[in-house]
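**Q** Below is a structure I'd like to ask you about.
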Amino acid sequence: MTMARCDGVFAPVITPFTEALEIDLENYLHHCRWLQSQGAGLAVFGTNSEAASLGLAEKLEALEALVANGIDPARLMPGTGSCALPDTVALTRKAMSLGCAGVLMLPPYYYKNVSDDGLYSYFAEVIDRVADARLRIYLYHIPAVSGVAISHPLIERLAHAYPEQIAGIKDSSGDAAHLAQLNELQVPDFRVFCGSESLLLENLRQGGAGCISATANVNPGPIRALFTHWQDEDAESRQQQLNQVRELFQRFPMIPALKTVVGEFSARPGWSRVRPPLLPLPTETRRKLLDEIRGVDFQMPDI
């Protein structure tokens, strides 16, 4: 069976919590459905999903609940990378059993200065243990957060050994030159996603596959429109408009800012909650964010 590889716009879906700080499935489903209606795929359990604050059992249950409640698994790319090899294997197996299009996989990030040989062994163990021909891994390069880089030689070595399973990468380095180098790798059908829509047009012009971006949680339609119309005459203008929104959110703590805006525009309570050690925005900061976002004619249609 040949599995299609992913492209397009994916949101690392923010995770709503109840007063008891458990996953709020009602708000979660509402947000996922809205994102899909706006043309975005769902990279649940990403950085901005507070994935590192979620337990394995919670992730397994949440992923199953999404699919059971009608979320299309063909547009799901859950983050499954963990420091613990058995956890990564278990969540990746679950994603495959549910028919997810692929998985986004961090390297094990606790130990620093590990060798490419060590990282190769980790990814190879995951692939061999999952042992599913449908598996498509999108490596997750975010060294500023993980402290562990995924080198180009490592990518090429993995892709040579596992040409079907190693499908692409999310590059959250924020480095345009590095993004270009990834698009030039001699790896057949290797899908390169930028980690911010601010590089989306550049990535597409280089042959990239799209973006997986935090602000796709709040601005998915316009980001998807640039992906669709990147060869049109107004592409540069579309990119500039996306940059304006992205830059605004980057002036605030990203996760609580995204949750604040989703809660405000959806009029659904509970969205301000984050799990410790994160904290919600202070009242004055919240007010400033909402004033600024209204000042750029920002909209979240039909949410």
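In the structure tokens, each chain is lettered A, B, ... as it comes, each chain's residues begin at 1, and ligands are numbered from 1 in order of appearance.
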Please tabulate, as a tab-separated table, the residues of segment 20-109 of chain A that come within 9 Å of segment 167-185 of chain A, each with its closest pair of atoms and the distance in Å to one decimal, counting only C-alpha atoms and ordering rows by chain, then residue number upward.

**A**
```
residue	atom	partner	partner_atom	distance
A:Gly102	CA	A:Ala167	CA	8.5
A:Leu104	CA	A:Lys170	CA	7.8
A:Met105	CA	A:Ile169	CA	8.8
```

**Q** Please save N, CA and C atoms of the selected residues as a PDB file, in the first residue's frame.

**A**
```pdb
ATOM      1  N   GLY A 102       0.380  10.780   9.063  1.00  0.00           N
ATOM      2  CA  GLY A 102       1.797  10.731   9.408  1.00  0.00           C
ATOM      3  C   GLY A 102       1.963  11.163  10.842  1.00  0.00           C
ATOM      4  N   LEU A 104       4.592  13.604  13.510  1.00  0.00           N
ATOM      5  CA  LEU A 104       5.648  14.599  13.656  1.00  0.00           C
ATOM      6  C   LEU A 104       6.505  14.165  14.832  1.00  0.00           C
ATOM      7  N   MET A 105       7.816  13.968  14.606  1.00  0.00           N
ATOM      8  CA  MET A 105       8.609  13.298  15.635  1.00  0.00           C
ATOM      9  C   MET A 105       9.832  14.107  16.045  1.00  0.00           C
TER      10      MET A 105
END
```

**Q** Using only C-alpha atoms, which residues sit within 8 Å of Phe45 of chain A once same-chain residues fewer than 6 positions away are excluded, as a compact mmCIF listing (two decimals) with N, CA, C and O atoms, in the first residue's frame?

**A**
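Writing done, so here's around-v5.txt:
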```txt
# COMPACT_ATOMS: atom_id res chain seq x y z
N PRO A 12 -0.42 23.23 14.98
CA PRO A 12 -0.12 22.48 16.21
C PRO A 12 -1.20 22.84 17.23
O PRO A 12 -1.08 23.81 17.96
N VAL A 13 -2.25 22.05 17.25
CA VAL A 13 -3.51 22.44 17.88
C VAL A 13 -3.34 22.73 19.37
O VAL A 13 -2.87 21.87 20.13
N ALA A 51 2.41 19.89 24.45
CA ALA A 51 2.58 18.44 24.40
C ALA A 51 3.50 17.90 25.49
O ALA A 51 3.27 16.81 26.02
N LYS A 59 -2.67 11.48 25.77
CA LYS A 59 -2.52 11.61 24.32
C LYS A 59 -3.20 10.46 23.59
O LYS A 59 -3.89 10.67 22.59
N PRO A 78 -0.11 13.80 14.32
CA PRO A 78 0.18 14.00 15.75
C PRO A 78 1.67 13.97 16.05
O PRO A 78 2.43 13.23 15.43
N GLY A 79 2.05 14.79 17.01
CA GLY A 79 3.42 14.73 17.50
C GLY A 79 3.58 13.54 18.41
O GLY A 79 2.85 13.40 19.41
N THR A 80 4.50 12.66 18.09
CA THR A 80 4.67 11.43 18.88
C THR A 80 6.05 11.31 19.51
O THR A 80 6.29 10.36 20.26
```

**Q** Return the single residue from A:Asp291, A:Phe17, A:Gly8, A:Ser146 that is closest to Asn203 of chain A, with distances computed using only C-alpha atoms.

**A**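 Checking each candidate against Asn203 of chain A, we get A:Gly8 as the closest.
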
**Q** Could you pull the residues within 9 Å of Ile14 of chain A, counting only C-alpha atoms, minus those fewer than 2 positions along the same chain, as a PyMOL selection string?

**A** chain A and resi 11-12+16+28+31+44-50+214+217+255+258-259

**Q** Emit the selected residues as a short mmCIF file (atom, residue, chain, number, x, y, z; two decimals), in the first residue's frame, including N, CA, C and O atoms.

**A**
```
data_model
loop_
_atom_site.label_atom_id
_atom_site.label_comp_id
_atom_site.auth_asym_id
_atom_site.auth_seq_id
_atom_site.Cartn_x
_atom_site.Cartn_y
_atom_site.Cartn_z
N ALA A 11 -1.90 23.10 11.81
CA ALA A 11 -1.86 23.82 13.08
C ALA A 11 -1.43 22.88 14.19
O ALA A 11 -2.02 21.79 14.34
N PRO A 12 -0.42 23.23 14.98
CA PRO A 12 -0.12 22.48 16.21
C PRO A 12 -1.20 22.84 17.23
O PRO A 12 -1.08 23.81 17.96
N PRO A 16 -7.20 22.76 25.05
CA PRO A 16 -7.99 23.38 26.12
C PRO A 16 -8.08 22.49 27.34
O PRO A 16 -8.05 21.25 27.22
N TYR A 28 -11.96 21.08 22.56
CA TYR A 28 -10.94 20.51 21.68
C TYR A 28 -11.55 20.13 20.33
O TYR A 28 -11.03 20.49 19.27
N HIS A 31 -12.62 23.20 18.28
CA HIS A 31 -11.50 23.90 17.63
C HIS A 31 -10.95 23.10 16.46
O HIS A 31 -10.66 23.66 15.40
N VAL A 44 -1.75 17.79 16.16
CA VAL A 44 -1.99 17.73 17.61
C VAL A 44 -0.72 17.26 18.32
O VAL A 44 0.12 16.59 17.74
N PHE A 45 -0.59 17.65 19.57
CA PHE A 45 0.56 17.29 20.41
C PHE A 45 1.85 17.91 19.86
O PHE A 45 2.92 17.28 19.86
N GLY A 46 1.75 19.14 19.38
CA GLY A 46 2.93 19.89 18.97
C GLY A 46 3.43 20.77 20.11
O GLY A 46 2.89 20.74 21.22
N THR A 47 4.41 21.57 19.82
CA THR A 47 4.98 22.45 20.85
C THR A 47 3.91 23.35 21.45
O THR A 47 3.79 23.48 22.67
N ASN A 48 3.11 23.99 20.60
CA ASN A 48 2.10 24.92 21.09
C ASN A 48 0.84 24.22 21.57
O ASN A 48 -0.11 24.88 22.01
N SER A 49 0.83 22.89 21.50
CA SER A 49 -0.23 22.09 22.10
C SER A 49 0.05 21.81 23.57
O SER A 49 -0.73 21.10 24.21
N GLU A 50 1.17 22.32 24.08
CA GLU A 50 1.65 21.97 25.43
C GLU A 50 1.90 20.47 25.54
O GLU A 50 1.67 19.84 26.59
N ALA A 214 2.23 27.77 14.64
CA ALA A 214 1.41 28.07 15.82
C ALA A 214 0.22 28.94 15.47
O ALA A 214 -0.91 28.68 15.91
N ASN A 217 -3.45 28.25 14.29
CA ASN A 217 -4.55 28.06 15.23
C ASN A 217 -5.58 29.18 15.16
O ASN A 217 -6.75 28.96 15.49
N ILE A 255 1.65 30.66 23.60
CA ILE A 255 0.56 29.72 23.92
C ILE A 255 -0.60 30.41 24.63
O ILE A 255 -1.75 30.30 24.19
N LEU A 258 -2.45 32.69 22.08
CA LEU A 258 -3.33 31.96 21.16
C LEU A 258 -4.62 31.57 21.86
O LEU A 258 -5.72 31.70 21.31
N LYS A 259 -4.51 31.06 23.08
CA LYS A 259 -5.70 30.63 23.82
C LYS A 259 -6.61 31.81 24.15
O LYS A 259 -7.84 31.70 24.08
#
```

**Q** Closest to Gln241 of chain A among A:Cys83, A:Leu204, A:Ile223, A:Val9, using only C-alpha atoms?

**A** A:Ile223

**Q** Can you list every residue in segment 55-300 of chain A that DSSP puts in strand (DSSP E or B), as a PyMOL selection string?

**A** chain A and resi 76+79+103-105+137-141+166-171+191-194+210-212

**Q** Please measure the separation of atom CA of Leu63 of chain A and atom CA of Gly99 of chain A, giving the value in Å to one decimal.

**A** 11.0 Å

**Q** Go through A:Val274, A:Leu242, A:Ile303, A:Leu139 one by one, measure the shortest atom-to-atom distance of each to Asp24 of chain A using only C-alpha atoms, and give the residue with the smallest value.

**A**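 Among the listed residues, the smallest separation from Asp24 of chain A belongs to A:Val274.
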
**Q** Give me, please, the distance in Å between atom CA of Leu25 of chain A and atom CA of Gln299 of chain A, quoted to one decimal.

**A**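 Value for the atom CA of Leu25 of chain A-atom CA of Gln299 of chain A distance: 24.2 Å.
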
**Q** List the neighbours of Cys100 of chain A out to 8 Å using only C-alpha atoms; skip same-chain residues closer than 4 positions along the sequence, and give me the result as a list of chain:residue names.

**A** A:Pro73, A:Ala74, A:Arg75, A:Leu76, A:Met77, A:Pro78, A:Ala95, A:Met96

**Q** Got time to write the residues from that selection, N, CA and C atoms, as a compact mmCIF listing (two decimals), in the first residue's frame?

**A**
```
# COMPACT_ATOMS: atom_id res chain seq x y z
N PRO A 73 -8.80 11.39 10.08
CA PRO A 73 -7.42 11.02 10.39
C PRO A 73 -6.46 11.30 9.24
N ALA A 74 -6.97 11.41 8.02
CA ALA A 74 -6.10 11.69 6.87
C ALA A 74 -5.49 13.09 6.94
N ARG A 75 -6.02 13.95 7.84
CA ARG A 75 -5.44 15.28 8.01
C ARG A 75 -4.87 15.45 9.42
N LEU A 76 -4.54 14.33 10.06
CA LEU A 76 -3.93 14.36 11.38
C LEU A 76 -2.45 13.99 11.28
N MET A 77 -1.61 14.82 11.90
CA MET A 77 -0.18 14.55 11.99
C MET A 77 0.23 14.74 13.45
N PRO A 78 -0.11 13.80 14.32
CA PRO A 78 0.18 14.00 15.75
C PRO A 78 1.67 13.97 16.05
N ALA A 95 -1.33 6.11 16.39
CA ALA A 95 -1.60 6.98 15.24
C ALA A 95 -1.79 6.16 13.97
N MET A 96 -0.97 5.16 13.78
CA MET A 96 -1.08 4.33 12.59
C MET A 96 -2.36 3.48 12.63
```

**Q** In Å, how far is it from atom CA of Gly210 of chain A to atom CA of Asp132 of chain A?

**A** 25.5 Å

**Q** To test your reading of the structure, identify every residue in segment 25-168 of chain A that backbone DSSP assigns to helix (DSSP H, G or I), and report it as number ranges by chain.

**A** A: 25-37, 47-49, 51-53, 56-68, 73-75, 85-97, 116-130, 143-146, 152-161

**Q** Identify, on the basis of only C-alpha atoms, every residue whose closest approach to Leu35 of chain A does not exceed 10 Å; exclude the query and any residue fewer than 3 positions from it along the same chain; express the result as a JSON list (two decimals) with N, CA, C and O atoms, in the first residue's frame.

**A**
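File produced: selection_23.json:
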```json
[["chain", "number", "residue", "atom", "x", "y", "z"],
["A", 10, "PHE", "N", -0.70, 23.08, 8.47],
["A", 10, "PHE", "CA", -1.08, 22.35, 9.67],
["A", 10, "PHE", "C", -0.96, 23.26, 10.89],
["A", 10, "PHE", "O", -0.03, 24.07, 10.99],
["A", 11, "ALA", "N", -1.90, 23.10, 11.81],
["A", 11, "ALA", "CA", -1.86, 23.82, 13.08],
["A", 11, "ALA", "C", -1.43, 22.88, 14.19],
["A", 11, "ALA", "O", -2.02, 21.79, 14.34],
["A", 13, "VAL", "N", -2.25, 22.05, 17.25],
["A", 13, "VAL", "CA", -3.51, 22.44, 17.88],
["A", 13, "VAL", "C", -3.34, 22.73, 19.37],
["A", 13, "VAL", "O", -2.87, 21.87, 20.13],
["A", 29, "LEU", "N", -12.66, 19.41, 20.38],
["A", 29, "LEU", "CA", -13.33, 19.01, 19.15],
["A", 29, "LEU", "C", -13.84, 20.22, 18.37],
["A", 29, "LEU", "O", -13.71, 20.27, 17.14],
["A", 30, "HIS", "N", -14.39, 21.18, 19.07],
["A", 30, "HIS", "CA", -14.89, 22.38, 18.40],
["A", 30, "HIS", "C", -13.77, 23.07, 17.63],
["A", 30, "HIS", "O", -13.93, 23.47, 16.48],
["A", 31, "HIS", "N", -12.62, 23.20, 18.28],
["A", 31, "HIS", "CA", -11.50, 23.90, 17.63],
["A", 31, "HIS", "C", -10.95, 23.10, 16.46],
["A", 31, "HIS", "O", -10.66, 23.66, 15.40],
["A", 32, "CYS", "N", -10.81, 21.79, 16.64],
["A", 32, "CYS", "CA", -10.30, 20.95, 15.55],
["A", 32, "CYS", "C", -11.24, 20.99, 14.34],
["A", 32, "CYS", "O", -10.78, 21.06, 13.19],
["A", 38, "GLN", "N", -11.47, 25.39, 7.85],
["A", 38, "GLN", "CA", -10.70, 26.49, 7.27],
["A", 38, "GLN", "C", -9.54, 25.98, 6.41],
["A", 38, "GLN", "O", -8.72, 26.76, 5.94],
["A", 39, "GLY", "N", -9.46, 24.67, 6.21],
["A", 39, "GLY", "CA", -8.46, 24.10, 5.32],
["A", 39, "GLY", "C", -7.16, 23.71, 5.97],
["A", 39, "GLY", "O", -6.18, 23.41, 5.28],
["A", 40, "ALA", "N", -7.13, 23.68, 7.31],
["A", 40, "ALA", "CA", -5.89, 23.34, 8.01],
["A", 40, "ALA", "C", -5.90, 21.89, 8.45],
["A", 40, "ALA", "O", -6.93, 21.35, 8.86],
["A", 41, "GLY", "N", -4.73, 21.26, 8.37],
["A", 41, "GLY", "CA", -4.53, 19.96, 8.98],
["A", 41, "GLY", "C", -4.22, 20.13, 10.45],
["A", 41, "GLY", "O", -3.98, 21.24, 10.95],
["A", 42, "LEU", "N", -4.18, 19.03, 11.19],
["A", 42, "LEU", "CA", -4.08, 19.07, 12.64],
["A", 42, "LEU", "C", -2.82, 18.36, 13.12],
["A", 42, "LEU", "O", -2.74, 17.13, 13.10],
["A", 216, "ALA", "N", -1.40, 29.23, 12.85],
["A", 216, "ALA", "CA", -2.46, 28.58, 12.08],
["A", 216, "ALA", "C", -3.64, 28.23, 12.98],
["A", 216, "ALA", "O", -4.74, 27.96, 12.50],
["A", 217, "ASN", "N", -3.45, 28.25, 14.29],
["A", 217, "ASN", "CA", -4.55, 28.06, 15.23],
["A", 217, "ASN", "C", -5.58, 29.18, 15.16],
["A", 217, "ASN", "O", -6.75, 28.96, 15.49],
["A", 218, "VAL", "N", -5.14, 30.36, 14.77],
["A", 218, "VAL", "CA", -6.03, 31.52, 14.78],
["A", 218, "VAL", "C", -6.22, 32.16, 13.41],
["A", 218, "VAL", "O", -7.17, 32.90, 13.20],
["A", 219, "ASN", "N", -5.31, 31.88, 12.48],
["A", 219, "ASN", "CA", -5.35, 32.53, 11.16],
["A", 219, "ASN", "C", -5.24, 31.51, 10.03],
["A", 219, "ASN", "O", -4.54, 31.72, 9.04],
["A", 220, "PRO", "N", -5.94, 30.35, 10.15],
["A", 220, "PRO", "CA", -5.73, 29.28, 9.18],
["A", 220, "PRO", "C", -6.17, 29.59, 7.76],
["A", 220, "PRO", "O", -5.51, 29.19, 6.81],
["A", 221, "GLY", "N", -7.30, 30.29, 7.61],
["A", 221, "GLY", "CA", -7.83, 30.54, 6.27],
["A", 221, "GLY", "C", -6.88, 31.34, 5.40],
["A", 221, "GLY", "O", -6.56, 30.92, 4.27],
["A", 303, "ILE", "N", -16.10, 30.84, 13.64],
["A", 303, "ILE", "CA", -15.67, 30.07, 14.81],
["A", 303, "ILE", "C", -16.72, 30.12, 15.91],
["A", 303, "ILE", "O", -16.74, 29.27, 16.79]]
```

**Q** Which one is closest to Tyr138 of chain A: A:His152, A:Arg205, A:Arg93, A:Arg191? Count only C-alpha atoms.

**A**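 Smallest distance to Tyr138 of chain A is found for A:Arg191.
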
**Q** Would you mind telling me which residue in A:Leu91, A:Ala131, A:Ile142, A:Leu98 lies nearest to Gly55 of chain A when using only C-alpha atoms?

**A**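 For Gly55 of chain A, the nearest of the given residues is A:Leu91.
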
**Q** List the spatial neighbours of Leu289 of chain A as a PDB file with N, CA and C atoms, in the first residue's frame - criterion: any atom at most 12 Å away, only C-alpha atoms, same-chain residues fewer than 4 positions off excluded.

**A**
```
ATOM      1  N   VAL A 245       0.188  39.653  11.198  1.00  0.00           N
ATOM      2  CA  VAL A 245      -0.479  38.929  12.277  1.00  0.00           C
ATOM      3  C   VAL A 245       0.528  38.115  13.080  1.00  0.00           C
ATOM      4  N   GLU A 247       3.748  38.598  13.515  1.00  0.00           N
ATOM      5  CA  GLU A 247       4.607  39.461  14.323  1.00  0.00           C
ATOM      6  C   GLU A 247       3.882  39.992  15.550  1.00  0.00           C
ATOM      7  N   LEU A 248       2.585  40.224  15.409  1.00  0.00           N
ATOM      8  CA  LEU A 248       1.812  40.686  16.552  1.00  0.00           C
ATOM      9  C   LEU A 248       1.800  39.617  17.650  1.00  0.00           C
ATOM     10  N   PHE A 249       1.506  38.387  17.287  1.00  0.00           N
ATOM     11  CA  PHE A 249       1.456  37.326  18.289  1.00  0.00           C
ATOM     12  C   PHE A 249       2.826  37.063  18.905  1.00  0.00           C
ATOM     13  N   GLN A 250       3.875  37.241  18.141  1.00  0.00           N
ATOM     14  CA  GLN A 250       5.215  36.978  18.658  1.00  0.00           C
ATOM     15  C   GLN A 250       5.639  37.991  19.725  1.00  0.00           C
ATOM     16  N   ARG A 251       4.897  39.053  19.872  1.00  0.00           N
ATOM     17  CA  ARG A 251       5.201  40.025  20.923  1.00  0.00           C
ATOM     18  C   ARG A 251       4.651  39.594  22.284  1.00  0.00           C
ATOM     19  N   PHE A 252       3.931  38.487  22.313  1.00  0.00           N
ATOM     20  CA  PHE A 252       3.317  37.994  23.537  1.00  0.00           C
ATOM     21  C   PHE A 252       3.736  36.538  23.763  1.00  0.00           C
ATOM     22  N   PRO A 253       3.617  36.039  24.989  1.00  0.00           N
ATOM     23  CA  PRO A 253       3.839  34.598  25.199  1.00  0.00           C
ATOM     24  C   PRO A 253       2.872  33.808  24.311  1.00  0.00           C
ATOM     25  N   MET A 254       3.414  32.994  23.416  1.00  0.00           N
ATOM     26  CA  MET A 254       2.619  32.485  22.300  1.00  0.00           C
ATOM     27  C   MET A 254       1.430  31.627  22.735  1.00  0.00           C
ATOM     28  N   PRO A 256      -0.362  31.150  25.719  1.00  0.00           N
ATOM     29  CA  PRO A 256      -1.505  31.836  26.336  1.00  0.00           C
ATOM     30  C   PRO A 256      -2.119  32.903  25.438  1.00  0.00           C
ATOM     31  N   ALA A 257      -1.326  33.488  24.541  1.00  0.00           N
ATOM     32  CA  ALA A 257      -1.885  34.477  23.614  1.00  0.00           C
ATOM     33  C   ALA A 257      -2.845  33.813  22.636  1.00  0.00           C
ATOM     34  N   LEU A 258      -2.446  32.689  22.079  1.00  0.00           N
ATOM     35  CA  LEU A 258      -3.333  31.964  21.161  1.00  0.00           C
ATOM     36  C   LEU A 258      -4.619  31.566  21.859  1.00  0.00           C
ATOM     37  N   LYS A 259      -4.511  31.064  23.080  1.00  0.00           N
ATOM     38  CA  LYS A 259      -5.696  30.634  23.820  1.00  0.00           C
ATOM     39  C   LYS A 259      -6.610  31.812  24.149  1.00  0.00           C
ATOM     40  N   THR A 260      -6.009  32.943  24.477  1.00  0.00           N
ATOM     41  CA  THR A 260      -6.797  34.145  24.759  1.00  0.00           C
ATOM     42  C   THR A 260      -7.632  34.537  23.558  1.00  0.00           C
ATOM     43  N   VAL A 261      -7.017  34.550  22.384  1.00  0.00           N
ATOM     44  CA  VAL A 261      -7.714  34.992  21.179  1.00  0.00           C
ATOM     45  C   VAL A 261      -8.780  33.988  20.759  1.00  0.00           C
ATOM     46  N   GLU A 264     -11.704  34.459  23.070  1.00  0.00           N
ATOM     47  CA  GLU A 264     -12.407  35.721  22.806  1.00  0.00           C
ATOM     48  C   GLU A 264     -13.286  35.621  21.578  1.00  0.00           C
ATOM     49  N   LEU A 281      -2.268  34.857  30.578  1.00  0.00           N
ATOM     50  CA  LEU A 281      -1.846  36.247  30.460  1.00  0.00           C
ATOM     51  C   LEU A 281      -2.432  37.086  31.593  1.00  0.00           C
ATOM     52  N   PRO A 282      -1.643  37.973  32.160  1.00  0.00           N
ATOM     53  CA  PRO A 282      -2.211  38.931  33.119  1.00  0.00           C
ATOM     54  C   PRO A 282      -3.277  39.788  32.442  1.00  0.00           C
ATOM     55  N   THR A 283      -4.183  40.321  33.232  1.00  0.00           N
ATOM     56  CA  THR A 283      -5.321  41.069  32.690  1.00  0.00           C
ATOM     57  C   THR A 283      -4.881  42.192  31.766  1.00  0.00           C
ATOM     58  N   GLU A 284      -3.891  42.952  32.159  1.00  0.00           N
ATOM     59  CA  GLU A 284      -3.464  44.094  31.339  1.00  0.00           C
ATOM     60  C   GLU A 284      -2.837  43.623  30.029  1.00  0.00           C
ATOM     61  N   THR A 285      -2.074  42.552  30.074  1.00  0.00           N
ATOM     62  CA  THR A 285      -1.468  42.007  28.852  1.00  0.00           C
ATOM     63  C   THR A 285      -2.536  41.453  27.920  1.00  0.00           C
ATOM     64  N   ILE A 293      -4.953  43.133  18.291  1.00  0.00           N
ATOM     65  CA  ILE A 293      -5.447  42.217  17.261  1.00  0.00           C
ATOM     66  C   ILE A 293      -6.651  42.812  16.555  1.00  0.00           C
ATOM     67  N   ARG A 294      -7.481  43.554  17.266  1.00  0.00           N
ATOM     68  CA  ARG A 294      -8.618  44.218  16.619  1.00  0.00           C
ATOM     69  C   ARG A 294      -8.146  45.354  15.727  1.00  0.00           C
ATOM     70  N   GLY A 295      -6.980  45.913  16.028  1.00  0.00           N
ATOM     71  CA  GLY A 295      -6.455  47.017  15.253  1.00  0.00           C
ATOM     72  C   GLY A 295      -5.922  46.632  13.879  1.00  0.00           C
ATOM     73  N   VAL A 296      -5.775  45.340  13.602  1.00  0.00           N
ATOM     74  CA  VAL A 296      -5.296  44.897  12.283  1.00  0.00           C
ATOM     75  C   VAL A 296      -6.411  44.203  11.498  1.00  0.00           C
ATOM     76  N   PHE A 298      -8.375  41.802  12.232  1.00  0.00           N
ATOM     77  CA  PHE A 298      -8.232  40.354  12.347  1.00  0.00           C
ATOM     78  C   PHE A 298      -9.614  39.711  12.496  1.00  0.00           C
TER      79      PHE A 298
END
```

**Q** Hey, which of A:Ser37, A:Ser121, A:Ser266, A:Ser213 ends up closest to Arg157 of chain A? Count only C-alpha atoms.

**A** A:Ser121

**Q** Neighbours of Glu26 of chain A within 12 Å (only C-alpha atoms; same-chain residues fewer than 5 positions away dropped), as a PyMOL selection string?

**A** chain A and resi 15-18+31-33+62+65-66+69+268-271

**Q** Give me a file of those residues, with C-alpha atoms, as an mmCIF file, in the first residue's frame.

**A**
```
data_model
loop_
_atom_site.group_PDB
_atom_site.id
_atom_site.type_symbol
_atom_site.label_atom_id
_atom_site.label_comp_id
_atom_site.auth_asym_id
_atom_site.auth_seq_id
_atom_site.Cartn_x
_atom_site.Cartn_y
_atom_site.Cartn_z
ATOM 1 C CA THR A 15 -5.085 22.087 23.999
ATOM 2 C CA PRO A 16 -7.992 23.384 26.116
ATOM 3 C CA PHE A 17 -8.250 22.349 29.745
ATOM 4 C CA THR A 18 -11.054 22.001 32.284
ATOM 5 C CA HIS A 31 -11.505 23.903 17.634
ATOM 6 C CA CYS A 32 -10.305 20.948 15.546
ATOM 7 C CA ARG A 33 -13.487 21.002 13.483
ATOM 8 C CA ALA A 62 -7.402 12.218 23.077
ATOM 9 C CA ALA A 65 -11.540 10.513 20.867
ATOM 10 C CA LEU A 66 -10.826 12.892 17.976
ATOM 11 C CA ASN A 69 -15.902 11.985 16.956
ATOM 12 C CA ARG A 268 -16.347 29.692 24.583
ATOM 13 C CA PRO A 269 -15.225 29.777 28.233
ATOM 14 C CA GLY A 270 -12.199 27.977 29.603
ATOM 15 C CA TRP A 271 -9.704 28.719 26.869
#
```
